[in-house]
Amino acid sequence: MTAYSFEWSAVLRGLPYLLEGAGLTILISGVAMVLALVLGLALAAISQASGRLARSVVAAYVEIFRNTPLLIQIFIVYFGLPQLGLKLSPFLSGLSALVLYAAAYNTEIFRAGLEAVPHGQFEAARSAGLSERQMLRYVIVPQAVRISFPALGNNLVSLVKNSSLVSTIGMVELMFVANDISFNNFRTFEIYGAAAAMYVVIVLALTRLLHAAEGRLLRAPA
Amino acid sequence: MNIVRRGILMLLATVLIAALTVPASAQSTLEAVKKRGKLIAGVKTDFPPFGTVDASGKNVGFDVDVAHRFAKALFNDEQQVELVAVTSGNRIPFLQSGKIDIIIATVTITDERRQVVEFSDSYFMSGSLILVPKASTVKSLDDLGGKTVAVVQGAIQDKDVEQLQPKANRLKYGKVSEAVLAVKGGRADAYVHDDIVILSLARENADLKVVGKTFVPRPYGIAVRKGDTEFINWVNAELRKMHGDGTYDRLWKTYFADAEQFLIKP
């Protein structure tokens, strides 16, 4: 029985291509993150404020996208929609599936945050003579975001890791590159290990960023 | 920077795990299989007529029949084989990590692969063909410059197309079925793969057609773990018996009769 010999040269040779993949992982999950935050917040606000119809549309959206595998959503957008005549590029297919999936969770997270703001805050804002809009803008949303923050952070970290699924539709991101290299040099342990290390670095950088944002949010006056 | 340091730590931890992990044994698979009482074979499930799944969920195809034949030779019972679905990309890692004993899954014999697995004698010759939509004007590899060409990740055509038609833009998919969908959905202008699978796909899909002449014919081999000469000698002996007793001819007629004019019989 021979001991396993870890081949650094395989990692080194694959490094430029892996870094290229990591670049696309950062790009697609970064863009998806911003869009999913905006969409999630908007939908949470709609589900709080508007009438019953809008509320049930938002609820249906959340349930559909939270309760189906992301991989199926990616395949429906990429392979399914073209048959109905809507052909998005691979990047847009992957991006829209990631955004819709993450935004469904964000909607729930923001909704929970909004509902967790004590009733007294609404009453106090109204009796201070603030309009509905001012109340949301200056009193309710800042507190809701603060309450939502930890859960939101988890969801964004998941988003980065979930972005590996777009490798299945030919997007040349980190997971795809790791497959591509190891399917040809057969050094699976080295290559997937290196890709895993890169995900760790990306996610650690993200959590750093979120920490900084959270600290700022907590210091800022509501 | 702390993040970089942590990344390096992670890599070091990875190496440590690697050093501590006992590797899959390169010793006698044949012994282990006999002791276990069944053979574990990697076969394709998306590759007609070598390995597919029929409507009742049963594995069928040329490679599947070979796997059953091996089980019969080992245990006198052709059902003593566990069939594990593999793809072009993951079949060699599956073998290396000990998840399967043997790959009977349309593996083209190449020098690169020879360095990591032990190949049997060739049991099929396969070149490559091009699958396009019915209405396509593509006639050969030459016409694929500037076009989008689907290939399967880990399949030999990924490299072939890169070399023979560097101007083509390759789109890589994990499975045959996804590459076919890409052509049907207009995401790719063509799909290049082994001749036999392309011919079968064209027969099953009226909206697709085969174009071009077969290029770069290469042999298929059955693969076992590197250094396992005992097992590969056993496989070769079985293949010879299959040729001798007419089994090979019978399988050939069953699976390849309607594509025979395109194929090179070994």
# chains A, B, ... in the order shown; residues from 1 in each chain; ligands from 1
>>> interface_residues(of="chain A", to="chain B", cutoff="10 Å", atoms="only C-alpha atoms", output="JSON, numbers by chain")
{"A": [1, 2, 3, 4, 5, 6, 7, 8, 75, 78, 79, 80, 81, 82, 83, 84, 85, 87, 88, 89, 90, 167, 168, 169, 170, 171, 172, 176, 179, 180, 181, 182, 183, 184, 185, 186, 187, 188, 189, 190, 193, 194, 195, 196, 197, 198, 199, 200, 201, 202, 203, 204, 205, 208]}
>>> select_by_dssp(residues="range 30-229 of chain B", states="strand (DSSP E or B)", output="count of residues only")
70
>>> closest_residue(among="B:Ala190, B:Thr110, B:Ser177, B:Lys35", to="Thr148 in chain B", atoms="only C-alpha atoms")
B:Ala190
>>> select_by_dssp(residues="range 48-263 of chain B", states="helix (DSSP H, G or I)", output="ChimeraX atom specification")
/B:62-75,91-96,111-114,141-144,157-164,176-184,195-204,229-244,247-262
>>> closest_residue(among="B:Glu78, B:Asp228, B:Asp121, B:Leu263", to="Arg240 in chain B", atoms="only C-alpha atoms")
B:Asp121
>>> residues_around(residues="Asn106 in chain A", least_positions_apart="2", cutoff="7 Å", atoms="only C-alpha atoms", output="count of residues only")
9
>>> closest_residue(among="B:Val176, B:Gly212, B:Ser122, B:Glu162", to="Asn236 in chain B", atoms="only C-alpha atoms")
B:Ser122
>>> residues_around(residues="Val64 in chain B", least_positions_apart="6", cutoff="8 Å", atoms="only C-alpha atoms", output="list in words")
Val43, Phe50, Gly51, Leu83 and Ile104 of chain B
>>> closest_residue(among="A:Ser164, A:Gln121, A:Thr207, A:Ser148", to="Leu71 in chain A", atoms="only C-alpha atoms")
A:Ser164
>>> atom_distance(atom1="CA of Phe149 in chain A", atom2="CA of Glu214 in chain A")
7.2 Å
>>> residues_around(residues="Thr25 in chain A", least_positions_apart="3", cutoff="7 Å", atoms="only C-alpha atoms", output="list in words")
Gly21, Ala22, Ile28, Ser29, Ser163, Glu173 and Leu174 of chain A
>>> write_last_selection(atoms="C-alpha atoms", output="short mmCIF file (atom, residue, chain, number, x, y, z; two decimals), in the first residue's frame")
data_model
loop_
_atom_site.label_atom_id
_atom_site.label_comp_id
_atom_site.auth_asym_id
_atom_site.auth_seq_id
_atom_site.Cartn_x
_atom_site.Cartn_y
_atom_site.Cartn_z
CA GLY A 21 -13.16 30.56 -12.38
CA ALA A 22 -13.04 32.18 -8.94
CA ILE A 28 -22.05 36.24 -10.47
CA SER A 29 -22.62 35.85 -6.74
CA SER A 163 -23.44 29.62 -7.25
CA GLU A 173 -16.96 29.43 -12.65
CA LEU A 174 -14.88 27.85 -9.90
#
